[in-house]
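Remarks on the structure that follows.
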Number of protein chains: 2
Amino acid sequence: MDIREIAKLARVSTATVSRVLNGVPTVNPKLAKRVLDAADQRGYVPNTQARALVSGKSRTFGLVVSEITNPFFPQIVETFGNLAVANGYEMLLASTGNDLKRMELAVRRMIERRVDGVAILTFGMEDSLLADLRVRKVPLVGVVVGPTVPGVTNIRIDYRNGIRQAVQHLAALRHQRIAFVTGPLRLMSAMARKTAFEESMREIGLEAPPEFLVEGDHTVEGGVAALGRLVRLAKRPTAILCSNDMTAIGVIREAYELQINVPNQLSVVGFDDIHLAQFVTPPLTTVQMSQSELATFAFQALLAARERPAQARQSNECVLVTSLVLRKSTALVLGAQPIPRPADFII
Amino acid sequence: MDIREIAKLARVSTATVSRVLNGVPTVNPKLAKRVLDAADQRGYVPNTQARALVSGKSRTFGLVVSEITNPFFPQIVETFGNLAVANGYEMLLASTGNDLKRMELAVRRMIERRVDGVAILTFGMEDSLLADLRVRKVPLVGVVVGPTVPGVTNIRIDYRNGIRQAVQHLAALRHQRIAFVTGPLRLMSAMARKTAFEESMREIGLEAPPEFLVEGDHTVEGGVAALGRLVRLAKRPTAILCSNDMTAIGVIREAYELQINVPNQLSVVGFDDIHLAQFVTPPLTTVQMSQSELATFAFQALLAARERPAQARQSNECVLVTSLVLRKSTALVLGAQPIPRPADFII
DNA sequence: ACCAGACGGGTAAACGTTTACAACACGTTT
DNA sequence: AAACGTGTTGTAAACGTTTACCCGTCTGGT
């Protein structure tokens with residue numbers, strides 16, 4: 001069931017079989033047909049490892065994510081994986097749980113399998129690990145919040161835009177006391193979101209007192225706990241912005257438990273716009289960060305780096321912008337009168 | 001950076017390097033140390049494709065699931081993937097969306113990469129496709145609802161147990177008009193759940209009129225639509241059992257939209273017990289089908305089939321039982337008096 | 001002292017491809 | 001008619017391992 005058998009059957013050399021199978025156009029159509037016929041009569045399927053060994057390309061891309069059970073990521077995996085197979089690649093998936101040990105293991109696996117590139121779509125990757133990949137000249141693409149990383153394709157996420165929109169939306173609904181539930185602050189991404197929140201608040205002259213900044217962990221449980229703490233405050237917030245949707249779902253869930261009506265007594269805004277966000281009750285107003293776009297960016301960058309000489313691909317950068325999507329989890333602050341519309345003045 | 005370089009550096013043959021790296025115990029510890037030192041001084045990492053080529057084992061298992069964006073599956077992927085790397089394997093993931101084309105492609109990919117086994121944890125796999133794998137003697141494990149498939153490790157899912165518990169739970173809450181939202185009926189698993197429902201109803205003398213059996217599609221949207229239809233009935237159901245949790249979430253979501261209180265005006269029960277089920281409002285009473293147990297079964301079966309001669313592993317079978325977990329989405333049927341407790345009679 | 005056997009280590013073949021290069025068959029130019 | 005391209009096919013080397021087999025050395029028994 002190898003190429004030699006097909007060659008014998010089609011009465012050509014193995015080189016010709018290889019050429020036909022790889023679509024080299026110069027081969028005589030007559031021979032090509034013989035080869036093709038022989039191949040699928042025998043149900044021949046080329047051996048990828050042999051191919052990879054000689055060509056030096058494994059046709060595999062690594063994808064490392066934080067936690068595949070976090071609903072944010074499956075969409076990324078799906079998109080990336082589909083693009084991969086559509087382009088004749090495979091995907092090597094690693095879920096690190098932001099754990100150093102598992103990250104090391106992930107990198108090791110990628111190197112062992114000789115991936116042709118790695119997309120790091122998690123937010124807490126250790127730089128030291130990347131060094132290992134860089135030394136081996138593995139093309140890399142990663143998300144970045146701080147300064148551009150050299151020698152790597154950077155996907156810069158513009159948290160600012162979406163979060164500013166969210167803050168201004170809440171302000172427009174007359175909210176003044178807006179709390180923010182962060183993610184785990186050792187994650188740069190969580191840090192960046194928090195910073196974007198603070199700046200957006202300051203920008204419109206609103207205060208964000210420290211007791212309104214509570215640390216969560218990007219899980220539903222974290223959201224539950226966060227609301228639990230905020231509710232014990234003497235001066236409660238009237239709106240809560242969350243570092244991700246799972247947190248927001250937790251907040252809403254706990255609000256229900258505490259008989260706080262969302263959105264009438266409390267406005268809640270999420271971040272990520274996972275698919276599920278539309279389906280919680282009430283449907284979640286959230287900042288969209290397109291998972292499929294992110295995955296597509298990453299994949300395309302890897303594909304582009306494929307044959308390009310290393311020096312040509314130093315520090316590409318593209319930007320993924322976030323933006324608010326309005327649903328039903330926010331409302332005018334309780335007791336506020338709607339702003340009279342212009343029409344009301346025309347008598 | 002290959003084995004020869006290490007051999008030269010350690011002043012031994014490549015065979016010895018190979019032996020050391022594979023932990024063959026007979027080699028002189030002195031040599032072994034030299035090899036090990038040389039290897040990690042040079043940052044040597046073995047080439048998996050070369051290994052696979054000569055050994056005939058790719059140390060890769062295929063995992064095919066229905067749809068990775070369905071929250072049921074990430075947990076499976078996570079568990080399976082972790083077990084894989086813990087045992088020195090890789091996972092080749094395929095998400096088929098129950099689409100024939102994609103299934104074919106998935107099988108093709110598995111064969112190309114020469115996987116050492118495939119776990120089919122989706123429920124609508126075409127038998128014809130399996131034939132292709134079977135011919136190549138790839139160990140297979142799959143879930144099964146009908147008769148045992150020969151030559152394959154079968155994981156039989158006992159839908160009956162959990163669904164019966166759910167029905168009896170609802171009956172105990174005095175529900176008589178219980179509807180069932182199915183999955184896509186071309187899926188055997190969906191069919192099996194529906195059948196289990198009908199039998200459980202009949203068993204306790206309850207009727208399941210055809211208009212109470214509405215077909216969904218295992219998505220939130222499907223659940224929304226299903227409640228939309230049930231609500232137009234002259235005689236509405238007082239409880240709804242759903243073929244999966246996503247459907248149940250859709251039903252709850254639409255109930256909120258229609259101002260129907262869950263659980264007081266409508267009891268809802270799901271199926272699967274995805275992680276999120278605890279966090280919807282109200283927390284979902286659902287039938288648990290352990291995803292991690294399922295994945296573990298599958299992986300262990302593959303691992304066991306690894307070296308075993310083909311005839312030894314014909315038709316193993318294990319059973320995964322389902323069972324009801326009570327949360328807050330069910331209640332006594334509206335207007336029913338609680339059954340007087342024995343204490344009430346003791347005056 | 002000799003030899004059998006055990007044991008550790010080296011040599012080289014094999015795994016299934018791709019591809020550089022050689023070989024060959026034509027057609028074209030001088 | 002010879003020489004030279006041009007274009008297609010074949011030969012064989014390479015990719016990086018594992019492992020069967022062989023060889024040398026040492027141990028212990030006679």
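Just remember, in the structure tokens the first chain shown is A, the second B, etc., residues are 1-based per chain, and ligands are 1-based in the order shown.
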
| Within 10 Å of chain B: residues of chain D, using only C-alpha atoms (C1' of nucleotides), as a list in words | DC15, DG16, DT17, DT18 and DT19 of chain D

| task | Enumerate, as a ChimeraX atom specification, the complete set of residues in segment 139-341 of chain B that a backbone-based DSSP assignment places in strand (DSSP E). | result | /B:140-144,153-158,178-182,213-215,239-242,267-272,285-288,317-321,323-325

Emit the selected residues as a PDB file, in the first residue's frame, including C-alpha atoms.
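This is the output file out07.pdb:
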ATOM      1  CA  LEU B 140     -11.980   2.007  16.987  1.00  0.00           C
ATOM      2  CA  VAL B 141     -14.123   3.019  19.897  1.00  0.00           C
ATOM      3  CA  GLY B 142     -17.519   4.551  19.538  1.00  0.00           C
ATOM      4  CA  VAL B 143     -20.712   5.270  21.366  1.00  0.00           C
ATOM      5  CA  VAL B 144     -23.577   3.047  20.495  1.00  0.00           C
ATOM      6  CA  THR B 153     -15.128  -1.102  21.438  1.00  0.00           C
ATOM      7  CA  ASN B 154     -18.635   0.027  22.220  1.00  0.00           C
ATOM      8  CA  ILE B 155     -19.523   2.581  24.813  1.00  0.00           C
ATOM      9  CA  ARG B 156     -23.145   2.006  25.482  1.00  0.00           C
ATOM     10  CA  ILE B 157     -24.985   4.957  26.883  1.00  0.00           C
ATOM     11  CA  ASP B 158     -27.821   4.161  29.173  1.00  0.00           C
ATOM     12  CA  ILE B 178     -45.002  16.690  29.955  1.00  0.00           C
ATOM     13  CA  ALA B 179     -43.577  17.687  26.607  1.00  0.00           C
ATOM     14  CA  PHE B 180     -40.323  16.526  25.081  1.00  0.00           C
ATOM     15  CA  VAL B 181     -38.122  18.558  22.780  1.00  0.00           C
ATOM     16  CA  THR B 182     -36.081  16.137  20.744  1.00  0.00           C
ATOM     17  CA  LEU B 213     -43.146  15.820  20.985  1.00  0.00           C
ATOM     18  CA  VAL B 214     -41.496  18.626  19.125  1.00  0.00           C
ATOM     19  CA  GLU B 215     -38.329  18.316  17.139  1.00  0.00           C
ATOM     20  CA  ALA B 239     -43.234  20.615  32.104  1.00  0.00           C
ATOM     21  CA  ILE B 240     -40.732  20.224  29.321  1.00  0.00           C
ATOM     22  CA  LEU B 241     -37.970  17.693  29.100  1.00  0.00           C
ATOM     23  CA  CYS B 242     -35.258  18.539  26.608  1.00  0.00           C
ATOM     24  CA  SER B 267     -40.760  23.089  34.811  1.00  0.00           C
ATOM     25  CA  VAL B 268     -37.799  22.470  32.550  1.00  0.00           C
ATOM     26  CA  VAL B 269     -35.352  19.585  32.567  1.00  0.00           C
ATOM     27  CA  GLY B 270     -32.248  19.315  30.414  1.00  0.00           C
ATOM     28  CA  PHE B 271     -29.918  16.565  29.390  1.00  0.00           C
ATOM     29  CA  ASP B 272     -26.105  16.319  29.466  1.00  0.00           C
ATOM     30  CA  THR B 285     -32.244  20.355  36.669  1.00  0.00           C
ATOM     31  CA  THR B 286     -30.783  17.980  34.155  1.00  0.00           C
ATOM     32  CA  VAL B 287     -29.747  14.454  33.392  1.00  0.00           C
ATOM     33  CA  GLN B 288     -26.055  14.003  33.845  1.00  0.00           C
ATOM     34  CA  GLU B 317     -18.373  -2.999  25.677  1.00  0.00           C
ATOM     35  CA  CYS B 318     -18.804  -0.743  28.620  1.00  0.00           C
ATOM     36  CA  VAL B 319     -21.777   1.196  29.858  1.00  0.00           C
ATOM     37  CA  LEU B 320     -22.098   4.827  30.794  1.00  0.00           C
ATOM     38  CA  VAL B 321     -25.082   5.444  32.978  1.00  0.00           C
ATOM     39  CA  SER B 323     -28.722  10.053  36.185  1.00  0.00           C
ATOM     40  CA  LEU B 324     -30.800  12.999  37.205  1.00  0.00           C
ATOM     41  CA  VAL B 325     -29.320  15.936  39.042  1.00  0.00           C
TER      42      VAL B 325
END

| query | Do you know which residues are at most 9 Å from segment 70-74 of chain A counting only C-alpha atoms (C1' of nucleotides), after dropping those on the same chain fewer than 2 positions away, and could you put them as a ChimeraX atom specification? | reply | /A:65-68,76-79,121,218-219,245-246,272-276,291 /B:68-71,74

| request: Mind the document's chain letters and residue numbers, and return as a VMD selection string the residues of segment 67-121 of chain B that DSSP labels helix (DSSP H, G or I). | output: chain B and resid 72 to 86 100 to 112

| query | Residues of chain C within 10 Å of chain A, using only C-alpha atoms (C1' of nucleotides), as a ChimeraX atom specification? | reply | /C:15-19

Take the residues from that selection and put them in a file with C-alpha atoms (C1' of nucleotides), as an mmCIF file, in the first residue's frame.
data_model
loop_
_atom_site.group_PDB
_atom_site.id
_atom_site.type_symbol
_atom_site.label_atom_id
_atom_site.label_comp_id
_atom_site.auth_asym_id
_atom_site.auth_seq_id
_atom_site.Cartn_x
_atom_site.Cartn_y
_atom_site.Cartn_z
ATOM 1 C "C1'" DC C 15 10.470 2.858 7.160
ATOM 2 C "C1'" DG C 16 7.758 5.746 2.675
ATOM 3 C "C1'" DT C 17 8.323 9.633 0.656
ATOM 4 C "C1'" DT C 18 10.524 13.753 -2.335
ATOM 5 C "C1'" DT C 19 13.671 15.527 -5.510
#

| said: Report as a ChimeraX atom specification all protein, DNA and RNA residues lying within 8 Å of segment 87-89 of chain B, evaluated on only C-alpha atoms (C1' of nucleotides), omitting residues in the same chain fewer than 3 positions from it. | reply: /B:59-61,83-84

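Proximity ranking of B:Leu173, B:Leu266, B:Ala7, B:Val135 relative to chain A places B:Val135 first, based on only C-alpha atoms.
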
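The space separating atom CA of Ala10 of chain A from atom CA of Val107 of chain B comes to 26.1 Å.
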
Just the residues within 10 Å of DG9 of chain C, please, counting only C-alpha atoms (C1' of nucleotides), with nothing from its chain fewer than 5 positions along; format it as a JSON list (two decimals) with N, CA and C atoms (P, O5', C5', C4', C3', O3' and C1' of nucleotides), in the first residue's frame.
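Below is the file part_16.json, written as the result:
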[["chain", "number", "residue", "atom", "x", "y", "z"],
["B", 12, "VAL", "N", 29.52, 7.84, 21.10],
["B", 12, "VAL", "CA", 28.88, 6.52, 21.05],
["B", 12, "VAL", "C", 28.20, 6.41, 19.69],
["B", 13, "SER", "N", 27.56, 5.26, 19.45],
["B", 13, "SER", "CA", 26.86, 5.09, 18.18],
["B", 13, "SER", "C", 25.44, 5.63, 18.29],
["B", 15, "ALA", "N", 22.87, 4.01, 17.69],
["B", 15, "ALA", "CA", 22.04, 2.99, 18.33],
["B", 15, "ALA", "C", 22.00, 3.21, 19.84],
["B", 16, "THR", "N", 23.14, 3.51, 20.40],
["B", 16, "THR", "CA", 23.21, 3.73, 21.83],
["B", 16, "THR", "C", 22.40, 4.97, 22.23],
["B", 27, "VAL", "N", 21.95, -0.29, 29.02],
["B", 27, "VAL", "CA", 23.15, 0.46, 28.66],
["B", 27, "VAL", "C", 23.89, 1.00, 29.88],
["B", 28, "ASN", "N", 25.17, 0.97, 29.75],
["B", 28, "ASN", "CA", 26.10, 1.44, 30.76],
["B", 28, "ASN", "C", 25.73, 2.86, 31.22],
["D", 23, "DC", "P", 30.38, -10.97, 12.72],
["D", 23, "DC", "O5'", 31.41, -10.05, 13.50],
["D", 23, "DC", "C5'", 31.24, -8.63, 13.54],
["D", 23, "DC", "C4'", 31.75, -8.12, 14.87],
["D", 23, "DC", "C3'", 32.84, -8.99, 15.50],
["D", 23, "DC", "O3'", 33.92, -8.15, 15.85],
["D", 23, "DC", "C1'", 31.14, -8.56, 17.07],
["D", 24, "DG", "P", 35.39, -8.76, 16.09],
["D", 24, "DG", "O5'", 35.74, -8.30, 17.58],
["D", 24, "DG", "C5'", 35.62, -6.93, 17.92],
["D", 24, "DG", "C4'", 35.33, -6.83, 19.40],
["D", 24, "DG", "C3'", 36.35, -7.53, 20.30],
["D", 24, "DG", "O3'", 36.89, -6.54, 21.15],
["D", 24, "DG", "C1'", 34.12, -8.11, 20.92]]
